[in-house]
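Note: the block below is my_file_4.tsv and it holds TSV, C-alpha atoms.
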```tsv
chain	number	residue	atom	x	y	z
A	1	MET	CA	-24.31	145.61	105.40
A	2	MET	CA	-25.99	148.98	104.88
A	3	PRO	CA	-29.43	147.76	103.69
A	4	TYR	CA	-29.58	145.32	106.62
A	5	THR	CA	-29.09	148.04	109.22
A	6	ARG	CA	-31.61	150.23	107.41
A	7	LEU	CA	-34.18	147.46	107.75
A	8	LEU	CA	-33.15	146.52	111.30
A	9	ILE	CA	-34.13	149.78	113.00
A	10	PRO	CA	-37.81	149.91	111.93
A	11	LEU	CA	-38.21	146.21	112.69
A	12	TRP	CA	-36.75	146.70	116.16
A	13	LEU	CA	-39.02	149.71	116.77
A	14	PHE	CA	-42.01	147.63	115.67
A	15	TYR	CA	-41.09	144.89	118.15
A	16	MET	CA	-40.61	147.37	120.99
A	17	LEU	CA	-43.96	149.07	120.31
A	18	LEU	CA	-45.68	145.70	120.16
A	19	THR	CA	-44.26	144.36	123.43
A	20	ASN	CA	-44.26	147.71	125.27
A	21	ASN	CA	-41.57	146.58	127.71
A	22	TRP	CA	-38.45	148.77	127.79
A	23	GLN	CA	-36.08	146.57	129.81
A	24	LEU	CA	-32.59	145.75	128.62
A	25	SER	CA	-33.24	142.03	128.17
A	26	ASN	CA	-36.28	142.70	126.00
A	27	MET	CA	-34.30	145.19	123.90
A	28	VAL	CA	-31.63	142.54	123.23
A	29	MET	CA	-34.33	140.01	122.40
A	30	GLY	CA	-35.92	142.49	119.99
A	31	MET	CA	-32.55	143.01	118.29
A	32	VAL	CA	-32.16	139.24	117.82
A	33	VAL	CA	-35.68	138.84	116.40
A	34	ALA	CA	-35.30	141.89	114.13
A	35	GLY	CA	-31.97	140.58	112.83
A	36	TRP	CA	-33.52	137.20	112.07
A	37	VAL	CA	-36.45	138.77	110.19
A	38	ALA	CA	-34.11	141.10	108.28
A	39	TRP	CA	-32.00	138.08	107.28
A	40	LEU	CA	-35.15	136.34	106.04
A	41	LEU	CA	-36.30	139.36	104.03
A	42	ARG	CA	-32.99	139.85	102.12
A	43	PRO	CA	-33.26	143.56	101.30
A	44	SER	CA	-32.00	144.75	97.92
A	45	GLU	CA	-28.91	146.91	97.57
A	46	ARG	CA	-29.93	150.51	96.95
A	47	LYS	CA	-27.93	153.64	97.60
A	48	ILE	CA	-29.39	156.49	99.62
A	49	VAL	CA	-28.72	159.89	98.06
A	50	TRP	CA	-28.58	161.99	101.20
A	51	ARG	CA	-29.07	165.24	99.30
A	52	THR	CA	-32.64	164.33	98.31
A	53	VAL	CA	-33.80	163.10	101.72
A	54	PRO	CA	-35.35	166.40	103.01
A	55	GLY	CA	-37.28	166.89	99.78
A	56	ALA	CA	-38.55	163.33	99.92
A	57	LEU	CA	-39.65	163.77	103.55
A	58	ALA	CA	-41.51	166.98	102.71
A	59	ALA	CA	-43.17	165.23	99.78
A	60	ALA	CA	-44.21	162.33	102.04
A	61	VAL	CA	-45.78	164.70	104.60
A	62	TYR	CA	-47.61	166.56	101.81
A	63	TYR	CA	-48.83	163.22	100.38
A	64	LEU	CA	-50.22	162.14	103.76
A	65	GLY	CA	-51.94	165.51	104.21
A	66	ILE	CA	-53.61	165.27	100.82
A	67	LEU	CA	-54.69	161.72	101.67
A	68	LEU	CA	-56.28	162.85	104.97
A	69	VAL	CA	-58.15	165.76	103.34
A	70	ASP	CA	-59.37	163.42	100.58
A	71	LEU	CA	-60.53	160.90	103.20
A	72	ALA	CA	-62.58	163.47	105.09
A	73	GLN	CA	-64.16	165.01	101.97
A	74	SER	CA	-65.15	161.79	100.25
A	75	GLY	CA	-66.30	160.23	103.53
A	76	TRP	CA	-68.75	163.10	103.94
A	77	GLN	CA	-69.88	162.65	100.34
A	78	VAL	CA	-70.64	158.95	100.86
A	79	VAL	CA	-72.47	159.74	104.11
A	80	ARG	CA	-74.66	162.23	102.20
A	81	ILE	CA	-75.36	159.65	99.48
A	82	ILE	CA	-76.41	156.97	101.99
A	83	LEU	CA	-78.34	159.08	104.49
A	84	PHE	CA	-80.19	161.49	102.21
A	85	ASN	CA	-80.79	158.99	99.41
A	86	GLN	CA	-79.12	161.02	96.70
A	87	PRO	CA	-79.19	159.48	93.22
A	88	ILE	CA	-76.00	157.59	92.37
A	89	ASN	CA	-74.41	156.83	89.03
A	90	PRO	CA	-71.95	153.96	89.52
A	91	GLY	CA	-69.57	152.68	86.89
A	92	ILE	CA	-66.03	151.55	86.15
A	93	ILE	CA	-63.55	153.97	84.58
A	94	ALA	CA	-59.98	153.41	83.42
A	95	ILE	CA	-57.27	155.59	84.93
A	96	PRO	CA	-53.65	155.21	83.83
A	97	SER	CA	-51.21	155.55	86.71
A	98	GLY	CA	-48.29	157.68	85.62
A	99	CYS	CA	-45.75	155.77	87.71
A	100	ASP	CA	-42.91	153.72	86.24
A	101	SER	CA	-42.34	151.42	89.19
A	102	GLU	CA	-44.67	148.75	90.54
A	103	LEU	CA	-44.41	150.20	94.04
A	104	GLY	CA	-45.70	153.55	92.81
A	105	THR	CA	-48.65	151.90	91.08
A	106	ALA	CA	-49.46	149.87	94.19
A	107	LEU	CA	-49.29	152.93	96.45
A	108	SER	CA	-51.54	154.99	94.20
A	109	ALA	CA	-54.00	152.09	94.00
A	110	HIS	CA	-54.00	151.98	97.82
A	111	ALA	CA	-54.58	155.73	98.01
A	112	ILE	CA	-57.51	155.48	95.59
A	113	THR	CA	-59.09	152.51	97.38
A	114	VAL	CA	-58.73	153.94	100.89
A	115	THR	CA	-60.90	156.94	100.02
A	116	PRO	CA	-64.59	155.99	100.21
A	117	GLY	CA	-66.43	156.19	96.91
A	118	GLU	CA	-63.57	154.96	94.75
A	119	MET	CA	-62.28	151.40	94.53
A	120	VAL	CA	-59.74	149.74	92.24
A	121	VAL	CA	-61.20	146.55	90.77
A	122	GLU	CA	-58.42	145.44	88.42
A	123	ILE	CA	-54.91	146.49	87.37
A	124	ASN	CA	-53.38	145.30	84.12
A	125	GLU	CA	-49.73	144.97	83.17
A	126	ALA	CA	-49.49	148.44	81.67
A	127	GLY	CA	-50.49	149.99	85.01
A	128	VAL	CA	-54.02	151.05	84.04
A	129	MET	CA	-56.27	151.01	87.12
A	130	TYR	CA	-59.92	150.11	86.51
A	131	THR	CA	-61.69	152.06	89.23
A	132	HIS	CA	-65.26	151.64	90.39
A	133	CYS	CA	-66.79	154.98	91.40
A	134	LEU	CA	-70.10	155.97	92.93
A	135	GLU	CA	-70.29	159.16	90.87
A	136	VAL	CA	-68.71	158.46	87.50
A	137	ASP	CA	-68.98	161.82	85.79
A	138	LYS	CA	-67.86	163.78	88.82
A	139	ALA	CA	-64.98	161.43	89.63
A	140	ALA	CA	-63.57	161.08	86.10
A	141	GLU	CA	-62.36	164.66	85.71
A	142	HIS	CA	-61.30	165.04	89.36
A	143	MET	CA	-59.25	161.86	89.47
A	144	GLU	CA	-57.14	162.49	86.37
A	145	ARG	CA	-55.79	165.60	88.03
A	146	ALA	CA	-55.34	163.96	91.44
A	147	GLN	CA	-53.53	160.97	89.95
A	148	LYS	CA	-51.11	163.21	88.03
A	149	MET	CA	-50.20	165.06	91.22
A	150	ARG	CA	-49.92	161.82	93.19
A	151	ALA	CA	-47.59	160.27	90.59
A	152	GLU	CA	-45.37	163.33	90.72
A	153	LEU	CA	-45.20	163.22	94.54
A	154	LEU	CA	-44.43	159.49	94.54
A	155	GLN	CA	-41.69	160.08	91.99
A	156	ARG	CA	-40.16	162.59	94.38
A	157	ILE	CA	-40.41	160.27	97.38
A	158	PHE	CA	-38.88	157.18	95.72
A	159	ILE	CA	-36.22	158.54	93.43
B	1	MET	CA	-66.37	163.58	132.22
B	2	GLU	CA	-65.63	160.07	133.42
B	3	GLN	CA	-69.30	159.12	133.77
B	4	ILE	CA	-70.21	160.59	130.39
B	5	LEU	CA	-67.46	158.56	128.74
B	6	THR	CA	-68.67	155.37	130.42
B	7	ALA	CA	-72.29	156.03	129.40
B	8	VAL	CA	-71.30	156.76	125.80
B	9	LEU	CA	-69.21	153.59	125.74
B	10	TYR	CA	-72.11	151.46	127.01
B	11	ILE	CA	-74.46	152.95	124.38
B	12	SER	CA	-71.86	152.30	121.68
B	13	LEU	CA	-71.41	148.70	122.91
B	14	PHE	CA	-75.17	148.14	122.69
B	15	LEU	CA	-75.35	149.66	119.19
B	16	HIS	CA	-72.49	147.49	117.98
B	17	LEU	CA	-74.20	144.37	119.32
B	18	CYS	CA	-77.40	145.35	117.46
B	19	MET	CA	-75.39	145.91	114.27
B	20	ILE	CA	-73.79	142.46	114.59
B	21	GLY	CA	-77.27	140.94	114.87
B	22	ALA	CA	-78.53	142.84	111.82
B	23	THR	CA	-75.51	141.77	109.79
B	24	ALA	CA	-76.03	138.12	110.80
B	25	TRP	CA	-79.63	138.34	109.57
B	26	ARG	CA	-78.41	139.88	106.33
B	27	ILE	CA	-75.93	137.03	105.81
B	28	TRP	CA	-78.84	134.60	106.24
B	29	ALA	CA	-80.97	136.47	103.66
B	30	GLY	CA	-78.24	137.65	101.31
B	31	ASP	CA	-78.52	138.02	97.52
B	32	ASN	CA	-75.49	136.06	96.38
B	33	VAL	CA	-72.25	134.62	97.65
B	34	ILE	CA	-70.20	137.83	97.45
B	35	ASP	CA	-72.89	139.65	99.42
B	36	ARG	CA	-72.52	137.09	102.20
B	37	LEU	CA	-68.74	137.38	102.06
B	38	ILE	CA	-69.06	141.14	102.59
B	39	GLY	CA	-71.25	140.35	105.61
B	40	VAL	CA	-68.58	138.05	107.06
B	41	ASP	CA	-65.96	140.79	106.64
B	42	LEU	CA	-68.32	143.27	108.31
B	43	ILE	CA	-68.90	140.97	111.30
B	44	GLY	CA	-65.14	140.65	111.74
B	45	THR	CA	-64.79	144.44	111.76
B	46	PHE	CA	-67.59	144.84	114.30
B	47	THR	CA	-66.05	142.22	116.57
B	48	LEU	CA	-62.83	144.23	116.39
B	49	ALA	CA	-64.76	147.33	117.43
B	50	LEU	CA	-66.37	145.41	120.31
B	51	LEU	CA	-62.96	144.32	121.58
B	52	VAL	CA	-61.67	147.90	121.42
B	53	ILE	CA	-64.72	149.16	123.35
B	54	VAL	CA	-64.28	146.48	126.02
B	55	ALA	CA	-60.62	147.47	126.34
B	56	LEU	CA	-61.70	151.10	126.79
B	57	LEU	CA	-64.31	150.19	129.41
B	58	GLY	CA	-62.04	148.09	131.58
B	59	GLY	CA	-58.87	150.04	130.90
B	60	ARG	CA	-57.10	146.78	130.10
B	61	THR	CA	-54.68	146.55	127.20
B	62	ILE	CA	-54.86	142.78	126.77
B	63	PHE	CA	-57.95	143.20	124.59
B	64	ILE	CA	-55.97	145.35	122.16
B	65	ASP	CA	-53.62	142.39	121.69
B	66	VAL	CA	-56.59	140.15	120.98
B	67	ALA	CA	-57.89	142.73	118.49
B	68	LEU	CA	-54.50	142.77	116.71
B	69	GLY	CA	-54.59	138.99	116.31
B	70	LEU	CA	-58.19	139.06	115.12
B	71	ALA	CA	-57.47	141.80	112.57
B	72	ALA	CA	-54.53	139.91	111.06
B	73	LEU	CA	-56.43	136.59	110.98
B	74	GLY	CA	-59.58	138.11	109.49
B	75	PHE	CA	-57.58	139.82	106.75
B	76	VAL	CA	-55.89	136.57	105.73
B	77	SER	CA	-59.17	134.64	105.81
B	78	ILE	CA	-60.98	137.19	103.63
B	79	ILE	CA	-58.16	137.14	101.06
B	80	ALA	CA	-58.15	133.31	101.00
B	81	LEU	CA	-61.94	133.05	100.69
B	82	SER	CA	-62.17	135.56	97.84
B	83	LYS	CA	-59.33	133.85	96.00
B	84	TYR	CA	-61.13	130.54	96.41
B	85	LEU	CA	-64.33	132.04	95.05
B	86	ALA	CA	-62.62	133.62	92.05
B	87	ASP	CA	-60.47	130.66	90.97
B	88	GLU	CA	-62.37	127.73	92.53
B	89	GLN	CA	-59.11	126.51	94.02
B	90	MET	CA	-56.92	127.60	96.88
B	91	PHE	CA	-53.42	127.54	95.38
C	1	MET	CA	-55.00	167.58	130.70
C	2	THR	CA	-57.07	164.51	131.45
C	3	PRO	CA	-60.52	166.11	130.88
C	4	ILE	CA	-59.41	167.35	127.44
C	5	LEU	CA	-58.25	163.86	126.47
C	6	GLN	CA	-61.51	162.40	127.75
C	7	PHE	CA	-63.47	164.95	125.73
C	8	ILE	CA	-61.52	163.95	122.61
C	9	ALA	CA	-62.27	160.31	123.40
C	10	ILE	CA	-66.02	161.00	123.77
C	11	ILE	CA	-66.14	162.85	120.43
C	12	ALA	CA	-64.16	160.09	118.72
C	13	VAL	CA	-66.40	157.31	120.07
C	14	ILE	CA	-69.58	159.14	119.04
C	15	VAL	CA	-68.35	159.93	115.52
C	16	GLY	CA	-66.98	156.40	115.03
C	17	THR	CA	-70.26	154.81	116.09
C	18	LEU	CA	-72.19	157.11	113.75
C	19	PHE	CA	-69.90	156.12	110.87
C	20	SER	CA	-70.46	152.44	111.67
C	21	LEU	CA	-74.24	153.01	111.63
C	22	VAL	CA	-74.02	154.78	108.27
C	23	GLY	CA	-71.88	151.95	106.91
C	24	ILE	CA	-74.34	149.23	107.88
C	25	LEU	CA	-77.23	151.37	106.58
C	26	GLY	CA	-75.44	151.51	103.24
C	27	TYR	CA	-74.95	147.74	103.35
C	28	PHE	CA	-78.72	147.38	103.61
C	29	ARG	CA	-79.78	150.10	101.20
C	30	LEU	CA	-77.38	150.30	98.27
C	31	PRO	CA	-78.33	148.38	95.11
C	32	ASP	CA	-75.46	146.03	94.22
C	33	VAL	CA	-72.31	144.38	95.55
C	34	TYR	CA	-69.78	146.95	94.35
C	35	THR	CA	-71.58	149.93	95.85
C	36	ARG	CA	-72.10	148.03	99.10
C	37	LEU	CA	-68.34	147.53	99.33
C	38	HIS	CA	-67.89	151.31	99.37
C	39	ALA	CA	-70.17	151.54	102.41
C	40	THR	CA	-68.70	148.64	104.37
C	41	GLY	CA	-65.11	149.68	103.73
C	42	LYS	CA	-65.93	152.89	105.58
C	43	VAL	CA	-66.73	150.96	108.79
C	44	GLY	CA	-63.21	149.59	108.92
C	45	ILE	CA	-61.51	152.82	107.93
C	46	PHE	CA	-63.47	155.39	109.96
C	47	GLY	CA	-65.36	153.51	112.67
C	48	VAL	CA	-62.69	151.30	114.20
C	49	VAL	CA	-59.89	153.80	113.65
C	50	LEU	CA	-61.80	156.49	115.55
C	51	LEU	CA	-62.47	154.05	118.41
C	52	LEU	CA	-58.74	153.30	118.47
C	53	VAL	CA	-57.99	157.03	118.57
C	54	ALA	CA	-60.16	157.18	121.67
C	55	THR	CA	-58.24	154.25	123.16
C	56	VAL	CA	-54.90	155.92	122.47
C	57	ALA	CA	-56.16	159.14	124.06
C	58	VAL	CA	-57.51	157.58	127.27
C	59	THR	CA	-55.41	154.54	128.21
C	60	PRO	CA	-51.76	155.63	128.14
C	61	LEU	CA	-50.29	152.11	128.18
C	62	SER	CA	-51.57	151.06	124.76
C	63	ILE	CA	-50.23	153.84	122.53
C	64	GLY	CA	-47.82	151.64	120.57
C	65	LYS	CA	-50.28	148.81	120.04
C	66	GLY	CA	-53.04	151.22	119.08
C	67	LEU	CA	-50.87	152.94	116.49
C	68	ILE	CA	-49.78	149.58	115.04
C	69	LEU	CA	-53.42	148.45	114.84
C	70	ILE	CA	-54.42	151.72	113.12
C	71	ALA	CA	-51.64	151.23	110.55
C	72	LEU	CA	-52.65	147.59	110.03
C	73	LEU	CA	-56.30	148.52	109.48
C	74	LEU	CA	-55.45	151.34	107.07
C	75	VAL	CA	-53.26	149.00	105.01
C	76	ALA	CA	-55.37	145.84	105.18
C	77	GLY	CA	-58.87	147.25	104.70
C	78	PRO	CA	-58.44	148.50	101.11
C	79	VAL	CA	-56.62	145.29	100.15
C	80	ALA	CA	-59.48	143.12	101.44
C	81	SER	CA	-62.14	145.22	99.69
C	82	HIS	CA	-60.15	145.13	96.43
C	83	ALA	CA	-59.88	141.33	96.71
C	84	ILE	CA	-63.64	140.97	97.20
C	85	ALA	CA	-64.40	143.32	94.28
C	86	SER	CA	-62.00	141.51	91.98
C	87	ALA	CA	-63.53	138.13	92.89
C	88	ALA	CA	-67.02	139.53	92.27
C	89	TYR	CA	-66.05	140.81	88.84
C	90	ARG	CA	-64.38	137.53	87.90
C	91	ILE	CA	-67.36	135.33	88.72
C	92	GLY	CA	-69.65	137.76	86.91
C	93	ILE	CA	-71.80	139.39	89.58
C	94	PRO	CA	-74.00	141.94	87.75
C	95	MET	CA	-73.47	145.63	88.41
C	96	THR	CA	-75.79	148.59	88.02
C	97	GLY	CA	-74.66	151.54	85.95
C	98	LYS	CA	-73.94	152.08	82.29
C	99	ARG	CA	-70.26	152.85	81.97
C	100	ASP	CA	-67.93	149.84	82.21
C	101	ASP	CA	-64.45	150.27	80.76
C	102	LEU	CA	-63.17	146.98	82.12
C	103	GLN	CA	-65.45	144.84	79.93
C	104	GLN	CA	-63.71	145.74	76.67
C	105	GLU	CA	-60.34	145.07	78.23
C	106	LEU	CA	-61.34	141.60	79.34
C	107	HIS	CA	-62.92	140.79	75.97
C	108	SER	CA	-59.89	141.95	74.03
C	109	GLU	CA	-57.71	139.67	76.13
C	110	PRO	CA	-59.49	136.32	76.35
C	111	GLY	CA	-56.93	134.60	78.56
C	112	ARG	CA	-57.86	136.74	81.57
C	113	LYS	CA	-61.60	136.17	81.77
C	114	GLY	CA	-62.95	134.68	84.93
C	115	LYS	CA	-62.70	131.01	85.66
C	116	GLN	CA	-60.84	130.17	82.47
C	117	ARG	CA	-57.92	132.22	83.68
C	118	ILE	CA	-54.65	130.33	83.42
C	119	LYS	CA	-52.82	130.26	86.71
C	120	PRO	CA	-49.52	132.18	86.62
```

With the file now loaded, output its structure as structure tokens.
Amino acid sequence: MMPYTRLLIPLWLFYMLLTNNWQLSNMVMGMVVAGWVAWLLRPSERKIVWRTVPGALAAAVYYLGILLVDLAQSGWQVVRIILFNQPINPGIIAIPSGCDSELGTALSAHAITVTPGEMVVEINEAGVMYTHCLEVDKAAEHMERAQKMRAELLQRIFI
Amino acid sequence: MEQILTAVLYISLFLHLCMIGATAWRIWAGDNVIDRLIGVDLIGTFTLALLVIVALLGGRTIFIDVALGLAALGFVSIIALSKYLADEQMF
Amino acid sequence: MTPILQFIAIIAVIVGTLFSLVGILGYFRLPDVYTRLHATGKVGIFGVVLLLVATVAVTPLSIGKGLILIALLLVAGPVASHAIASAAYRIGIPMTGKRDDLQQELHSEPGRKGKQRIKP
């Protein structure tokens, strides 16, 4: 029963934000729809260790902050490349993601692709991400470090 | 403040329309098929931006709903088209 | 309170439109498909999201929908650009630049190359 209720609350909040109508009848309707979707999704049984929740939340906030700073910096870099016609050196480099789980690999691939100037082209079974970069030499050294830190943070969020 | 916002929104609307036209020309004169697919994706994004600007101009939230539907549909269509191009089959 | 929110909206609209212009300029100027994807992905991530920030700041009714649309764009944009890049690599669109680590990987594993790929 526990995983169902854990899934029910975000689904219900999603429905309420989408309809934007806080009457009682709509709330009941949202509960019914959220319950149906949760039954369709069949969440897996996983225990929450309550002791690690504050650390995981802090890690998530830190992760989002790093992502925003990265977005702003690399966005400015790509703007400089396009507007001022700076020479580019594109290429594909291999970066191993240090995560054990598939969710961690997918989230780090999303974080790499969402920053302009870096884009994951292919992932193989071992979790190596083949990343296309605008500036190969500059990105190669910077991204090894960033990926190590990201893997550690993701490990702390999803224990 | 109100008038400045309206003026900026009209200028932005005009610029987005120009960009949609330029992208349509680029799809016509593209290099290869992936280049044209990128153009189609870009036109979808610009239409999304147009809907958001119209919602801001009129102060009506119904256009945000339309933009949500368009974003979801465009995402699915781009995924399906690129899978078709890569594998030469849909499923 | 309202003039401050309107000021934020004006700044957001101007910056978003400038990012869209830079993105389409990159689509016209950059040399090959993969580098163009970097430029056009920025339109979806910066341009539309900043316009939506302006919407959330000015029209108070659409906060929930605007936030959901921002989240949808931030999740779906990278996925779409990855799908396009993967399709381009599989059908063999040429790329500029010397370093290509993916080529050895695909040659060492012949079952994964392009159109001959066996469907899982």

Mind listing as an MDAnalysis selection string which residues of chain B are within 9 Å of chain C, counting only C-alpha atoms? chainID B and resid 1:2 4:5 8:9 12 15:16 19 22:23 26 32:35 37:39 41:42 45:46 48:49 52:53 55:56 59:61 64:65 67:68 71:72 75:76 78:79 81:88

Up to 7 Å from chain A, what residues of chain C turn up? Count all atoms listed in the file and give them as a list in words. Val22, Gly26, Thr35, His38, Lys42, Gly64, Lys65, Pro78, His82, Ala85, Ser86, Thr96, Gly97, Lys98, Arg99, Asp100, Asp101 and Leu102 of chain C

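Relative to CA of Ser44 (chain A), CA of Pro3 (chain A) is found at 7.0 Å.
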
Point out the residue among B:Leu73, B:Val40, B:Val54, B:Ile62 with the least atom-to-atom distance to chain A, counting all atoms listed in the file. B:Ile62

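One distance worth recording is that between CA of Leu24 (chain A) and CA of Leu41 (chain A), which is 25.7 Å.
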
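Counting from CA of Trp12 (chain A), the distance to CA of Ala71 (chain C) is 16.5 Å.
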